[in-house]
Amino acid sequence: MTREEKQDLVNELSEKFQSHNAFYITDASTMSVAKINDFRRLCFNRGMEYKVYKNTLIRKALDTLGGDTTEMDEALKGQSGILFSKESGNAPAKLLKDFYKQQNYSKTAVPKPALKGALIDSGVYVGVDKLEMLSTIKGKQELLGEIIGLLQSPAKNVISALSSGGSKLAGILKTLSEKEEVAG
């Protein structure tokens, strides 16, 4: 591969990093071609992309992101495939877990493709032990929805109390006025 071809790959990879909310680096070594194809098909069906890159090219592309990505160096050993997602940051983790279930991995075996590291909204996560946590992490859109719901909740409670209180208040006033009429 020529130097220009390598630079083109780094540029392509850098653009993908910037245009995707999340990407996961995985190790698919020892997987059969059939299993890798099954995994790619599952990725495609869920709107994600899986592609294998050289670690040096991944490192160069990570350097273009502007943030500190040195923690990812631990993940850049051995064979590396990248799982890109424009959806929420937990979508690739859920996809990996679903793939493991389909493949019936035993609890003692390290399932493949194994998570080596992930970058989600500039947060770096390294290690296969992070998969469970990443599958439950909420994306920006989910968090914003919850915040908006929480902010709307007090206003709805006040409006509800005022509207129900208004009918109660009217009932109390009516009762008091009836008592005054009977007394007077």
# chains A, B, ... in the order shown; residues from 1 in each chain; ligands from 1
>>> select_by_dssp(residues="range 16-95 of chain A", states="alpha helix (DSSP H)", output="JSON, numbers by chain")
{"A": [16, 17, 18, 19, 33, 34, 35, 36, 37, 38, 39, 40, 41, 42, 43, 44, 45, 55, 56, 57, 58, 59, 60, 61, 62, 63, 91, 92, 93, 94, 95]}
>>> closest_residue(among="A:Lys54, A:Lys140, A:Gly66, A:Glu132", to="Leu9 in chain A", atoms="only C-alpha atoms")
A:Lys54
>>> select_by_dssp(residues="chain A", states="strand (DSSP E)", output="PDB file with all heavy atoms, in the first residue's frame")
ATOM      1  N   ALA A  22     -20.689   7.126  17.982  1.00  0.00           N
ATOM      2  CA  ALA A  22     -19.967   6.113  18.746  1.00  0.00           C
ATOM      3  C   ALA A  22     -19.255   5.163  17.804  1.00  0.00           C
ATOM      4  O   ALA A  22     -19.715   4.898  16.699  1.00  0.00           O
ATOM      5  CB  ALA A  22     -20.937   5.328  19.624  1.00  0.00           C
ATOM      6  N   PHE A  23     -18.121   4.666  18.275  1.00  0.00           N
ATOM      7  CA  PHE A  23     -17.481   3.559  17.587  1.00  0.00           C
ATOM      8  C   PHE A  23     -16.817   2.659  18.614  1.00  0.00           C
ATOM      9  O   PHE A  23     -16.361   3.108  19.658  1.00  0.00           O
ATOM     10  CB  PHE A  23     -16.500   4.017  16.500  1.00  0.00           C
ATOM     11  CG  PHE A  23     -15.298   4.759  17.001  1.00  0.00           C
ATOM     12  CD1 PHE A  23     -14.148   4.084  17.372  1.00  0.00           C
ATOM     13  CD2 PHE A  23     -15.318   6.143  17.079  1.00  0.00           C
ATOM     14  CE1 PHE A  23     -13.039   4.776  17.823  1.00  0.00           C
ATOM     15  CE2 PHE A  23     -14.218   6.836  17.529  1.00  0.00           C
ATOM     16  CZ  PHE A  23     -13.063   6.152  17.909  1.00  0.00           C
ATOM     17  N   TYR A  24     -16.853   1.375  18.309  1.00  0.00           N
ATOM     18  CA  TYR A  24     -16.287   0.357  19.183  1.00  0.00           C
ATOM     19  C   TYR A  24     -15.166  -0.340  18.431  1.00  0.00           C
ATOM     20  O   TYR A  24     -15.330  -0.695  17.264  1.00  0.00           O
ATOM     21  CB  TYR A  24     -17.345  -0.694  19.546  1.00  0.00           C
ATOM     22  CG  TYR A  24     -18.379  -0.258  20.542  1.00  0.00           C
ATOM     23  CD1 TYR A  24     -19.016   0.976  20.455  1.00  0.00           C
ATOM     24  CD2 TYR A  24     -18.746  -1.093  21.579  1.00  0.00           C
ATOM     25  CE1 TYR A  24     -19.974   1.350  21.372  1.00  0.00           C
ATOM     26  CE2 TYR A  24     -19.716  -0.723  22.498  1.00  0.00           C
ATOM     27  CZ  TYR A  24     -20.325   0.503  22.386  1.00  0.00           C
ATOM     28  OH  TYR A  24     -21.282   0.881  23.300  1.00  0.00           O
ATOM     29  N   ILE A  25     -14.049  -0.574  19.105  1.00  0.00           N
ATOM     30  CA  ILE A  25     -12.951  -1.338  18.527  1.00  0.00           C
ATOM     31  C   ILE A  25     -13.050  -2.753  19.095  1.00  0.00           C
ATOM     32  O   ILE A  25     -13.154  -2.942  20.303  1.00  0.00           O
ATOM     33  CB  ILE A  25     -11.590  -0.704  18.853  1.00  0.00           C
ATOM     34  CG1 ILE A  25     -11.518   0.715  18.255  1.00  0.00           C
ATOM     35  CG2 ILE A  25     -10.451  -1.570  18.325  1.00  0.00           C
ATOM     36  CD1 ILE A  25     -10.269   1.476  18.590  1.00  0.00           C
ATOM     37  N   THR A  26     -13.057  -3.722  18.199  1.00  0.00           N
ATOM     38  CA  THR A  26     -13.237  -5.108  18.610  1.00  0.00           C
ATOM     39  C   THR A  26     -12.116  -5.990  18.072  1.00  0.00           C
ATOM     40  O   THR A  26     -11.383  -5.600  17.155  1.00  0.00           O
ATOM     41  CB  THR A  26     -14.577  -5.668  18.109  1.00  0.00           C
ATOM     42  OG1 THR A  26     -14.548  -5.676  16.672  1.00  0.00           O
ATOM     43  CG2 THR A  26     -15.741  -4.844  18.599  1.00  0.00           C
ATOM     44  N   ASP A  27     -12.016  -7.170  18.624  1.00  0.00           N
ATOM     45  CA  ASP A  27     -11.068  -8.176  18.179  1.00  0.00           C
ATOM     46  C   ASP A  27     -11.864  -9.353  17.643  1.00  0.00           C
ATOM     47  O   ASP A  27     -12.576 -10.022  18.395  1.00  0.00           O
ATOM     48  CB  ASP A  27     -10.188  -8.615  19.343  1.00  0.00           C
ATOM     49  CG  ASP A  27      -9.252  -9.758  18.980  1.00  0.00           C
ATOM     50  OD1 ASP A  27      -9.114 -10.080  17.780  1.00  0.00           O
ATOM     51  OD2 ASP A  27      -8.654 -10.335  19.907  1.00  0.00           O
ATOM     52  N   GLU A  49     -21.973  -0.278  10.788  1.00  0.00           N
ATOM     53  CA  GLU A  49     -20.960  -0.747   9.851  1.00  0.00           C
ATOM     54  C   GLU A  49     -19.806  -1.349  10.631  1.00  0.00           C
ATOM     55  O   GLU A  49     -19.407  -0.829  11.671  1.00  0.00           O
ATOM     56  CB  GLU A  49     -20.464   0.435   9.017  1.00  0.00           C
ATOM     57  CG  GLU A  49     -19.370   0.088   8.045  1.00  0.00           C
ATOM     58  CD  GLU A  49     -18.807   1.304   7.328  1.00  0.00           C
ATOM     59  OE1 GLU A  49     -19.288   2.426   7.556  1.00  0.00           O
ATOM     60  OE2 GLU A  49     -17.869   1.117   6.553  1.00  0.00           O
ATOM     61  N   TYR A  50     -19.256  -2.447  10.110  1.00  0.00           N
ATOM     62  CA  TYR A  50     -18.103  -3.091  10.734  1.00  0.00           C
ATOM     63  C   TYR A  50     -17.019  -3.248   9.691  1.00  0.00           C
ATOM     64  O   TYR A  50     -17.273  -3.770   8.608  1.00  0.00           O
ATOM     65  CB  TYR A  50     -18.485  -4.465  11.293  1.00  0.00           C
ATOM     66  CG  TYR A  50     -17.337  -5.148  11.992  1.00  0.00           C
ATOM     67  CD1 TYR A  50     -16.928  -4.738  13.254  1.00  0.00           C
ATOM     68  CD2 TYR A  50     -16.649  -6.190  11.387  1.00  0.00           C
ATOM     69  CE1 TYR A  50     -15.872  -5.346  13.899  1.00  0.00           C
ATOM     70  CE2 TYR A  50     -15.596  -6.816  12.021  1.00  0.00           C
ATOM     71  CZ  TYR A  50     -15.208  -6.386  13.276  1.00  0.00           C
ATOM     72  OH  TYR A  50     -14.153  -6.988  13.913  1.00  0.00           O
ATOM     73  N   LYS A  51     -15.819  -2.771  10.015  1.00  0.00           N
ATOM     74  CA  LYS A  51     -14.717  -2.834   9.065  1.00  0.00           C
ATOM     75  C   LYS A  51     -13.410  -3.021   9.829  1.00  0.00           C
ATOM     76  O   LYS A  51     -13.238  -2.477  10.920  1.00  0.00           O
ATOM     77  CB  LYS A  51     -14.687  -1.539   8.242  1.00  0.00           C
ATOM     78  CG  LYS A  51     -13.856  -1.621   6.994  1.00  0.00           C
ATOM     79  CD  LYS A  51     -14.113  -0.431   6.098  1.00  0.00           C
ATOM     80  CE  LYS A  51     -13.266  -0.547   4.854  1.00  0.00           C
ATOM     81  NZ  LYS A  51     -13.437   0.596   3.973  1.00  0.00           N
ATOM     82  N   VAL A  52     -12.474  -3.772   9.239  1.00  0.00           N
ATOM     83  CA  VAL A  52     -11.178  -4.033   9.853  1.00  0.00           C
ATOM     84  C   VAL A  52     -10.160  -3.024   9.319  1.00  0.00           C
ATOM     85  O   VAL A  52     -10.117  -2.757   8.119  1.00  0.00           O
ATOM     86  CB  VAL A  52     -10.715  -5.480   9.558  1.00  0.00           C
ATOM     87  CG1 VAL A  52      -9.324  -5.738  10.104  1.00  0.00           C
ATOM     88  CG2 VAL A  52     -11.704  -6.478  10.135  1.00  0.00           C
ATOM     89  N   TYR A  53      -9.355  -2.481  10.233  1.00  0.00           N
ATOM     90  CA  TYR A  53      -8.311  -1.514   9.886  1.00  0.00           C
ATOM     91  C   TYR A  53      -7.014  -1.884  10.593  1.00  0.00           C
ATOM     92  O   TYR A  53      -7.035  -2.549  11.632  1.00  0.00           O
ATOM     93  CB  TYR A  53      -8.694  -0.100  10.342  1.00  0.00           C
ATOM     94  CG  TYR A  53      -9.841   0.516   9.595  1.00  0.00           C
ATOM     95  CD1 TYR A  53     -11.142   0.408  10.073  1.00  0.00           C
ATOM     96  CD2 TYR A  53      -9.635   1.228   8.423  1.00  0.00           C
ATOM     97  CE1 TYR A  53     -12.207   0.983   9.403  1.00  0.00           C
ATOM     98  CE2 TYR A  53     -10.689   1.814   7.740  1.00  0.00           C
ATOM     99  CZ  TYR A  53     -11.969   1.684   8.235  1.00  0.00           C
ATOM    100  OH  TYR A  53     -13.016   2.257   7.567  1.00  0.00           O
ATOM    101  N   SER A  80      -7.791  -5.490  14.800  1.00  0.00           N
ATOM    102  CA  SER A  80      -8.811  -4.529  15.228  1.00  0.00           C
ATOM    103  C   SER A  80      -9.832  -4.286  14.131  1.00  0.00           C
ATOM    104  O   SER A  80      -9.485  -3.937  13.010  1.00  0.00           O
ATOM    105  CB  SER A  80      -8.167  -3.192  15.606  1.00  0.00           C
ATOM    106  OG  SER A  80      -7.337  -3.338  16.726  1.00  0.00           O
ATOM    107  N   GLY A  81     -11.082  -4.462  14.505  1.00  0.00           N
ATOM    108  CA  GLY A  81     -12.195  -4.116  13.641  1.00  0.00           C
ATOM    109  C   GLY A  81     -12.977  -3.014  14.329  1.00  0.00           C
ATOM    110  O   GLY A  81     -13.025  -2.946  15.562  1.00  0.00           O
ATOM    111  N   ILE A  82     -13.556  -2.122  13.550  1.00  0.00           N
ATOM    112  CA  ILE A  82     -14.285  -0.997  14.129  1.00  0.00           C
ATOM    113  C   ILE A  82     -15.756  -1.108  13.772  1.00  0.00           C
ATOM    114  O   ILE A  82     -16.131  -1.310  12.620  1.00  0.00           O
ATOM    115  CB  ILE A  82     -13.716   0.353  13.662  1.00  0.00           C
ATOM    116  CG1 ILE A  82     -12.253   0.440  14.040  1.00  0.00           C
ATOM    117  CG2 ILE A  82     -14.498   1.496  14.284  1.00  0.00           C
ATOM    118  CD1 ILE A  82     -11.581   1.728  13.639  1.00  0.00           C
ATOM    119  N   LEU A  83     -16.574  -0.964  14.796  1.00  0.00           N
ATOM    120  CA  LEU A  83     -18.023  -0.993  14.673  1.00  0.00           C
ATOM    121  C   LEU A  83     -18.516   0.438  14.824  1.00  0.00           C
ATOM    122  O   LEU A  83     -18.367   1.040  15.886  1.00  0.00           O
ATOM    123  CB  LEU A  83     -18.601  -1.898  15.759  1.00  0.00           C
ATOM    124  CG  LEU A  83     -20.103  -2.087  15.848  1.00  0.00           C
ATOM    125  CD1 LEU A  83     -20.657  -2.626  14.543  1.00  0.00           C
ATOM    126  CD2 LEU A  83     -20.422  -3.041  16.976  1.00  0.00           C
ATOM    127  N   PHE A  84     -19.044   1.004  13.746  1.00  0.00           N
ATOM    128  CA  PHE A  84     -19.507   2.390  13.729  1.00  0.00           C
ATOM    129  C   PHE A  84     -21.009   2.456  13.936  1.00  0.00           C
ATOM    130  O   PHE A  84     -21.749   1.671  13.360  1.00  0.00           O
ATOM    131  CB  PHE A  84     -19.203   3.049  12.376  1.00  0.00           C
ATOM    132  CG  PHE A  84     -17.747   3.154  12.061  1.00  0.00           C
ATOM    133  CD1 PHE A  84     -17.130   2.234  11.231  1.00  0.00           C
ATOM    134  CD2 PHE A  84     -16.983   4.182  12.595  1.00  0.00           C
ATOM    135  CE1 PHE A  84     -15.785   2.331  10.932  1.00  0.00           C
ATOM    136  CE2 PHE A  84     -15.639   4.283  12.301  1.00  0.00           C
ATOM    137  CZ  PHE A  84     -15.039   3.357  11.467  1.00  0.00           C
ATOM    138  N   SER A  85     -21.444   3.439  14.736  1.00  0.00           N
ATOM    139  CA  SER A  85     -22.872   3.631  14.966  1.00  0.00           C
ATOM    140  C   SER A  85     -23.202   5.113  15.005  1.00  0.00           C
ATOM    141  O   SER A  85     -22.539   5.884  15.696  1.00  0.00           O
ATOM    142  CB  SER A  85     -23.285   2.993  16.290  1.00  0.00           C
ATOM    143  OG  SER A  85     -24.627   3.298  16.575  1.00  0.00           O
ATOM    144  N   ALA A 114     -14.618  -9.560  20.425  1.00  0.00           N
ATOM    145  CA  ALA A 114     -14.479  -9.075  21.801  1.00  0.00           C
ATOM    146  C   ALA A 114     -14.264  -7.568  21.807  1.00  0.00           C
ATOM    147  O   ALA A 114     -13.513  -7.029  20.991  1.00  0.00           O
ATOM    148  CB  ALA A 114     -13.295  -9.763  22.469  1.00  0.00           C
ATOM    149  N   LEU A 115     -14.927  -6.900  22.720  1.00  0.00           N
ATOM    150  CA  LEU A 115     -14.768  -5.455  22.861  1.00  0.00           C
ATOM    151  C   LEU A 115     -13.368  -5.146  23.381  1.00  0.00           C
ATOM    152  O   LEU A 115     -12.943  -5.695  24.392  1.00  0.00           O
ATOM    153  CB  LEU A 115     -15.807  -4.895  23.830  1.00  0.00           C
ATOM    154  CG  LEU A 115     -15.665  -3.417  24.175  1.00  0.00           C
ATOM    155  CD1 LEU A 115     -15.971  -2.548  22.955  1.00  0.00           C
ATOM    156  CD2 LEU A 115     -16.573  -3.042  25.318  1.00  0.00           C
ATOM    157  N   LYS A 116     -12.659  -4.287  22.674  1.00  0.00           N
ATOM    158  CA  LYS A 116     -11.342  -3.840  23.132  1.00  0.00           C
ATOM    159  C   LYS A 116     -11.421  -2.417  23.667  1.00  0.00           C
ATOM    160  O   LYS A 116     -10.737  -2.067  24.606  1.00  0.00           O
ATOM    161  CB  LYS A 116     -10.327  -3.926  21.983  1.00  0.00           C
ATOM    162  CG  LYS A 116     -10.057  -5.348  21.591  1.00  0.00           C
ATOM    163  CD  LYS A 116      -9.157  -5.588  20.396  1.00  0.00           C
ATOM    164  CE  LYS A 116      -8.251  -4.563  19.896  1.00  0.00           C
ATOM    165  NZ  LYS A 116      -7.340  -4.995  18.842  1.00  0.00           N
ATOM    166  N   GLY A 117     -12.268  -1.605  23.046  1.00  0.00           N
ATOM    167  CA  GLY A 117     -12.409  -0.228  23.488  1.00  0.00           C
ATOM    168  C   GLY A 117     -13.538   0.453  22.739  1.00  0.00           C
ATOM    169  O   GLY A 117     -13.989  -0.027  21.699  1.00  0.00           O
ATOM    170  N   ALA A 118     -13.992   1.578  23.285  1.00  0.00           N
ATOM    171  CA  ALA A 118     -15.077   2.331  22.654  1.00  0.00           C
ATOM    172  C   ALA A 118     -14.865   3.811  22.905  1.00  0.00           C
ATOM    173  O   ALA A 118     -14.307   4.205  23.927  1.00  0.00           O
ATOM    174  CB  ALA A 118     -16.427   1.890  23.208  1.00  0.00           C
ATOM    175  N   LEU A 119     -15.316   4.609  21.965  1.00  0.00           N
ATOM    176  CA  LEU A 119     -15.321   6.056  22.124  1.00  0.00           C
ATOM    177  C   LEU A 119     -16.748   6.517  21.861  1.00  0.00           C
ATOM    178  O   LEU A 119     -17.273   6.316  20.770  1.00  0.00           O
ATOM    179  CB  LEU A 119     -14.349   6.729  21.162  1.00  0.00           C
ATOM    180  CG  LEU A 119     -14.093   8.184  21.510  1.00  0.00           C
ATOM    181  CD1 LEU A 119     -12.613   8.385  21.820  1.00  0.00           C
ATOM    182  CD2 LEU A 119     -14.483   9.085  20.379  1.00  0.00           C
ATOM    183  N   ILE A 120     -17.379   7.067  22.900  1.00  0.00           N
ATOM    184  CA  ILE A 120     -18.767   7.503  22.807  1.00  0.00           C
ATOM    185  C   ILE A 120     -18.841   8.949  23.271  1.00  0.00           C
ATOM    186  O   ILE A 120     -18.546   9.245  24.426  1.00  0.00           O
ATOM    187  CB  ILE A 120     -19.684   6.621  23.682  1.00  0.00           C
ATOM    188  CG1 ILE A 120     -19.548   5.166  23.267  1.00  0.00           C
ATOM    189  CG2 ILE A 120     -21.122   7.092  23.604  1.00  0.00           C
ATOM    190  CD1 ILE A 120     -20.174   4.205  24.225  1.00  0.00           C
ATOM    191  N   GLY A 123     -16.074  10.198  25.263  1.00  0.00           N
ATOM    192  CA  GLY A 123     -15.737   9.385  26.429  1.00  0.00           C
ATOM    193  C   GLY A 123     -15.059   8.105  25.980  1.00  0.00           C
ATOM    194  O   GLY A 123     -15.532   7.438  25.067  1.00  0.00           O
ATOM    195  N   VAL A 124     -13.942   7.758  26.614  1.00  0.00           N
ATOM    196  CA  VAL A 124     -13.166   6.581  26.227  1.00  0.00           C
ATOM    197  C   VAL A 124     -13.411   5.455  27.232  1.00  0.00           C
ATOM    198  O   VAL A 124     -13.346   5.673  28.448  1.00  0.00           O
ATOM    199  CB  VAL A 124     -11.658   6.917  26.160  1.00  0.00           C
ATOM    200  CG1 VAL A 124     -10.837   5.685  25.839  1.00  0.00           C
ATOM    201  CG2 VAL A 124     -11.398   8.017  25.141  1.00  0.00           C
ATOM    202  N   TYR A 125     -13.695   4.269  26.719  1.00  0.00           N
ATOM    203  CA  TYR A 125     -13.938   3.085  27.531  1.00  0.00           C
ATOM    204  C   TYR A 125     -13.069   1.965  26.984  1.00  0.00           C
ATOM    205  O   TYR A 125     -13.166   1.637  25.801  1.00  0.00           O
ATOM    206  CB  TYR A 125     -15.408   2.665  27.473  1.00  0.00           C
ATOM    207  CG  TYR A 125     -16.344   3.795  27.819  1.00  0.00           C
ATOM    208  CD1 TYR A 125     -16.816   4.664  26.838  1.00  0.00           C
ATOM    209  CD2 TYR A 125     -16.739   4.002  29.127  1.00  0.00           C
ATOM    210  CE1 TYR A 125     -17.663   5.712  27.156  1.00  0.00           C
ATOM    211  CE2 TYR A 125     -17.590   5.047  29.464  1.00  0.00           C
ATOM    212  CZ  TYR A 125     -18.044   5.894  28.469  1.00  0.00           C
ATOM    213  OH  TYR A 125     -18.879   6.935  28.786  1.00  0.00           O
ATOM    214  N   VAL A 126     -12.223   1.379  27.822  1.00  0.00           N
ATOM    215  CA  VAL A 126     -11.298   0.346  27.361  1.00  0.00           C
ATOM    216  C   VAL A 126     -11.493  -0.927  28.172  1.00  0.00           C
ATOM    217  O   VAL A 126     -11.566  -0.881  29.404  1.00  0.00           O
ATOM    218  CB  VAL A 126      -9.832   0.826  27.476  1.00  0.00           C
ATOM    219  CG1 VAL A 126      -8.861  -0.256  27.060  1.00  0.00           C
ATOM    220  CG2 VAL A 126      -9.611   2.075  26.632  1.00  0.00           C
TER     221      VAL A 126
END
>>> residues_around(residues="Asp121 in chain A", least_positions_apart="6", cutoff="12 Å", atoms="only C-alpha atoms", output="ChimeraX atom specification")
/A:17-24,65,67,85-90,137-141
>>> write_last_selection(atoms="N, CA and C atoms", output="compact mmCIF listing (two decimals), in the first residue's frame")
# COMPACT_ATOMS: atom_id res chain seq x y z
N PHE A 17 -14.99 8.76 12.13
CA PHE A 17 -14.96 9.02 13.56
C PHE A 17 -15.75 10.28 13.90
N GLN A 18 -15.60 11.31 13.07
CA GLN A 18 -16.26 12.58 13.34
C GLN A 18 -17.74 12.55 13.01
N SER A 19 -18.16 11.70 12.09
CA SER A 19 -19.56 11.68 11.68
C SER A 19 -20.41 10.65 12.44
N HIS A 20 -19.80 9.86 13.30
CA HIS A 20 -20.52 8.85 14.07
C HIS A 20 -20.49 9.20 15.55
N ASN A 21 -21.61 9.01 16.22
CA ASN A 21 -21.69 9.29 17.66
C ASN A 21 -20.83 8.34 18.47
N ALA A 22 -20.69 7.13 17.98
CA ALA A 22 -19.97 6.11 18.75
C ALA A 22 -19.25 5.16 17.80
N PHE A 23 -18.12 4.67 18.27
CA PHE A 23 -17.48 3.56 17.59
C PHE A 23 -16.82 2.66 18.61
N TYR A 24 -16.85 1.38 18.31
CA TYR A 24 -16.29 0.36 19.18
C TYR A 24 -15.17 -0.34 18.43
N LEU A 65 -8.76 13.72 15.97
CA LEU A 65 -10.00 14.07 16.67
C LEU A 65 -9.84 15.28 17.59
N GLY A 67 -9.10 15.48 20.78
CA GLY A 67 -9.13 15.17 22.21
C GLY A 67 -8.01 14.22 22.58
N SER A 85 -21.44 3.44 14.74
CA SER A 85 -22.87 3.63 14.97
C SER A 85 -23.20 5.11 15.00
N LYS A 86 -24.24 5.50 14.27
CA LYS A 86 -24.74 6.87 14.34
C LYS A 86 -25.85 6.99 15.36
N GLU A 87 -26.31 5.84 15.86
CA GLU A 87 -27.38 5.82 16.86
C GLU A 87 -26.79 6.15 18.22
N SER A 88 -27.50 5.74 19.24
CA SER A 88 -27.03 5.99 20.60
C SER A 88 -25.77 5.18 20.87
N GLY A 89 -25.03 5.61 21.88
CA GLY A 89 -23.77 4.97 22.21
C GLY A 89 -23.90 3.54 22.69
N ASN A 90 -25.09 3.15 23.13
CA ASN A 90 -25.25 1.79 23.63
C ASN A 90 -25.69 0.80 22.55
N ILE A 137 -25.73 2.31 29.13
CA ILE A 137 -25.48 3.76 29.11
C ILE A 137 -26.53 4.45 28.25
N LYS A 138 -26.93 5.62 28.65
CA LYS A 138 -27.95 6.36 27.90
C LYS A 138 -27.28 7.37 26.98
N GLY A 139 -27.87 7.54 25.81
CA GLY A 139 -27.37 8.49 24.85
C GLY A 139 -27.83 9.91 25.17
N LYS A 140 -27.28 10.87 24.44
CA LYS A 140 -27.65 12.27 24.66
C LYS A 140 -29.14 12.51 24.48
N GLN A 141 -29.73 11.92 23.44
CA GLN A 141 -31.14 12.14 23.17
C GLN A 141 -32.02 11.58 24.29
>>> closest_residue(among="A:Leu13, A:Leu96, A:Ala34, A:Leu150", to="Asp63 in chain A", atoms="only C-alpha atoms")
A:Leu13
>>> atom_distance(atom1="CA of Ser29 in chain A", atom2="CA of Gln79 in chain A")
6.2 Å
>>> closest_residue(among="A:Thr30, A:Lys60, A:Tyr100, A:Met72", to="Lys6 in chain A", atoms="only C-alpha atoms")
A:Lys60
>>> atom_distance(atom1="CA of Val10 in chain A", atom2="CA of Ala61 in chain A")
5.2 Å
>>> residues_around(residues="Ser135 in chain A", least_positions_apart="3", cutoff="8 Å", atoms="only C-alpha atoms", output="list in words")
Asn90, Ala91, Pro92, Ala93, Lys94, Leu131 and Glu132 of chain A
>>> atom_distance(atom1="CA of Lys77 in chain A", atom2="CA of Thr64 in chain A")
19.6 Å
>>> closest_residue(among="A:Met31, A:Met1, A:Leu62, A:Leu95", to="Asn45 in chain A", atoms="only C-alpha atoms")
A:Leu95
